[in-house]
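S.K.: Have a look at this one before I ask anything.
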Amino acid sequence: MLIGCTKNDNQKYDYLILVNKQNKLPADWETNVELVEVQNAYDETIKVEKEALEKYYELRDALLKEWVDIELDSAYRSVQRQEELWKEFEEEYGIDYTKKYVAVPWYSEHHTALAIDICIIKDWVLIYENNDMIAEKEIFAKIHEKLADYGFILRYLEWKEDITWYRYEPRHLRYIGDAKIAKEIMDNWLTLEEYYSLK
Ligand SMILES: [Zn+2]
C-alpha cells in the first residue's frame, strides 16, 4: 500500500454499489471491504461484509419473533475464486456451457460481500434449493416485508428477469445500507437497476 493511502476509519465504501452483468466490481473494492468470518448453515466458514452481517443478525432476530427461521448459505465470493471456477468449468465442459452457467469473474454481486443467499428452516427441515424456496410463498412474503427495515433489498425480483438478467431468487438479499432508500425500492418493487435509472 502507498504511504498516505491508508483508509480513513470513518470513510465507508458505497453500500449502494451496482454490480451486475454490465457493471464490473471496482478494482480496489476487495482490498477495502471489511470482511468478517462466520459459520453458515452447513458449518462452513463464509465471509460477509461487517455491517451487512450485523444487520443480517438483526433481521434474523426480528423474523425469529414471527417464527421464521433464516440461516446463512453463502455470501462473499472472491474474484480469484470465480476465475478458478470459470477455468475448471471451461476445461471440463467447454466455453459455451461455462458462459451459460457460471458468472463472469468481476461481474457477480457476490464479490461485494454485500449479497447474502439465505436458506430457511421449516419444521426442522433445511430448505436450500431456489425452486423449493420459491414454493414457500408465505414464509418469503414475511421475510421480504422486513428486509428494508434493516437496509436490505430483494435483488432478483419475480417478473423482472429482463432487467436483472437473473431468474427470480427469493433467497438473494442485498445490503444497501440506507433503510430509507431500501424502503423506497421495496415499496415500489424496484430492481437496483431501475432505482439507478430513476435517480
Ligand atoms: Zn446469490
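In the C-alpha cells, the first chain shown is A, the next is B, and so on; residue numbers restart at 1 for each chain, and ligands run from 1 in the order shown.
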Using only C-alpha atoms and all ligand atoms, which residues of chain A come within 8 Å of ligand 1, and what is the closest atom pair for each, with the distance in Å to one decimal? Give it as a tab-separated table, sorted by chain and residue number.
M.R.:
residue	atom	partner	partner_atom_place_in_ligand_line	distance
A:Ser74	CA	ligand 1	1 (Zn)	7.3
A:Ala75	CA	ligand 1	1 (Zn)	7.2
A:Glu109	CA	ligand 1	1 (Zn)	7.5
A:His110	CA	ligand 1	1 (Zn)	6.5
A:Ala115	CA	ligand 1	1 (Zn)	6.3
A:Ile116	CA	ligand 1	1 (Zn)	6.1
A:Asp117	CA	ligand 1	1 (Zn)	4.8
A:Glu169	CA	ligand 1	1 (Zn)	7.6
A:Arg171	CA	ligand 1	1 (Zn)	7.1
A:His172	CA	ligand 1	1 (Zn)	4.5
A:Leu173	CA	ligand 1	1 (Zn)	7.3
S.K.: Would you list the contacts of Lys122 (chain A) as a ChimeraX atom specification, taking every protein, DNA or RNA residue within 10 Å and counting only C-alpha atoms, but skipping same-chain residues closer than 3 positions in sequence?
M.R.: /A:67-70,119,125-127,136,139
S.K.: Take the residues that were just selected and, keeping N, CA and C atoms, output them as a tab-separated table (two decimals), in the first residue's frame.
M.R.:
chain	number	residue	atom	x	y	z
A	67	TRP	N	-41.58	-16.54	14.13
A	67	TRP	CA	-41.44	-17.97	13.87
A	67	TRP	C	-40.91	-18.27	12.47
A	68	VAL	N	-40.14	-17.34	11.93
A	68	VAL	CA	-39.49	-17.59	10.65
A	68	VAL	C	-37.99	-17.73	10.93
A	69	ASP	N	-37.43	-18.86	10.52
A	69	ASP	CA	-36.04	-19.16	10.84
A	69	ASP	C	-35.19	-19.11	9.56
A	70	ILE	N	-34.37	-18.07	9.44
A	70	ILE	CA	-33.47	-17.98	8.27
A	70	ILE	C	-32.04	-18.27	8.70
A	119	CYS	N	-30.97	-19.57	3.49
A	119	CYS	CA	-31.82	-20.75	3.39
A	119	CYS	C	-32.78	-20.64	4.57
A	125	VAL	N	-36.68	-28.81	8.99
A	125	VAL	CA	-36.05	-29.22	7.73
A	125	VAL	C	-35.42	-28.00	7.07
A	126	LEU	N	-34.18	-28.18	6.63
A	126	LEU	CA	-33.47	-27.10	5.96
A	126	LEU	C	-33.89	-27.05	4.48
A	127	ILE	N	-34.37	-25.90	4.05
A	127	ILE	CA	-34.76	-25.73	2.65
A	127	ILE	C	-33.75	-24.79	2.00
A	136	GLU	N	-42.27	-21.60	-1.16
A	136	GLU	CA	-42.61	-21.17	0.21
A	136	GLU	C	-43.03	-19.70	0.20
A	139	ILE	N	-43.79	-17.79	3.70
A	139	ILE	CA	-42.60	-17.52	4.52
A	139	ILE	C	-41.78	-16.40	3.89
S.K.: Can you pull out every residue within 12 Å of Tyr195 (chain A), counting only C-alpha atoms, but drop anything in the same chain fewer than 3 positions away, and send it as a compact mmCIF listing (two decimals) with C-alpha atoms, in the first residue's frame?
M.R.:
# COMPACT_ATOMS: atom_id res chain seq x y z
CA LEU A 16 -25.32 1.20 -2.95
CA ILE A 17 -22.79 -0.08 -5.46
CA LEU A 18 -24.25 -1.61 -8.62
CA ILE A 153 -33.49 -5.28 -0.62
CA ARG A 155 -32.26 -8.12 -5.66
CA ILE A 163 -33.97 -6.14 -16.28
CA THR A 164 -31.70 -8.01 -13.86
CA ILE A 176 -27.54 -1.37 0.56
CA ILE A 181 -33.73 4.02 0.23
CA ALA A 182 -34.28 0.30 0.79
CA LYS A 183 -37.89 1.05 1.74
CA GLU A 184 -38.40 3.18 -1.37
CA ILE A 185 -37.02 0.37 -3.52
CA MET A 186 -39.03 -2.40 -1.83
CA ASP A 187 -42.30 -0.42 -1.61
CA ASN A 188 -42.16 0.21 -5.35
CA TRP A 189 -40.89 -3.29 -6.13
CA LEU A 190 -37.89 -1.89 -7.97
CA THR A 191 -34.67 -3.50 -9.04
CA LEU A 192 -31.44 -1.70 -8.21
CA LEU A 198 -34.89 6.78 -11.99
CA LYS A 199 -32.39 8.68 -9.84
S.K.: If we count only C-alpha atoms, what is near region 30-45 of chain A at a cut-off of 6 Å, once residues fewer than 4 positions away on the same chain are taken out, given as a list in words?
M.R.: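 Surrounding residues, per the criterion: Glu49, Lys50, Glu71, Leu72 and Asp73 of chain A.
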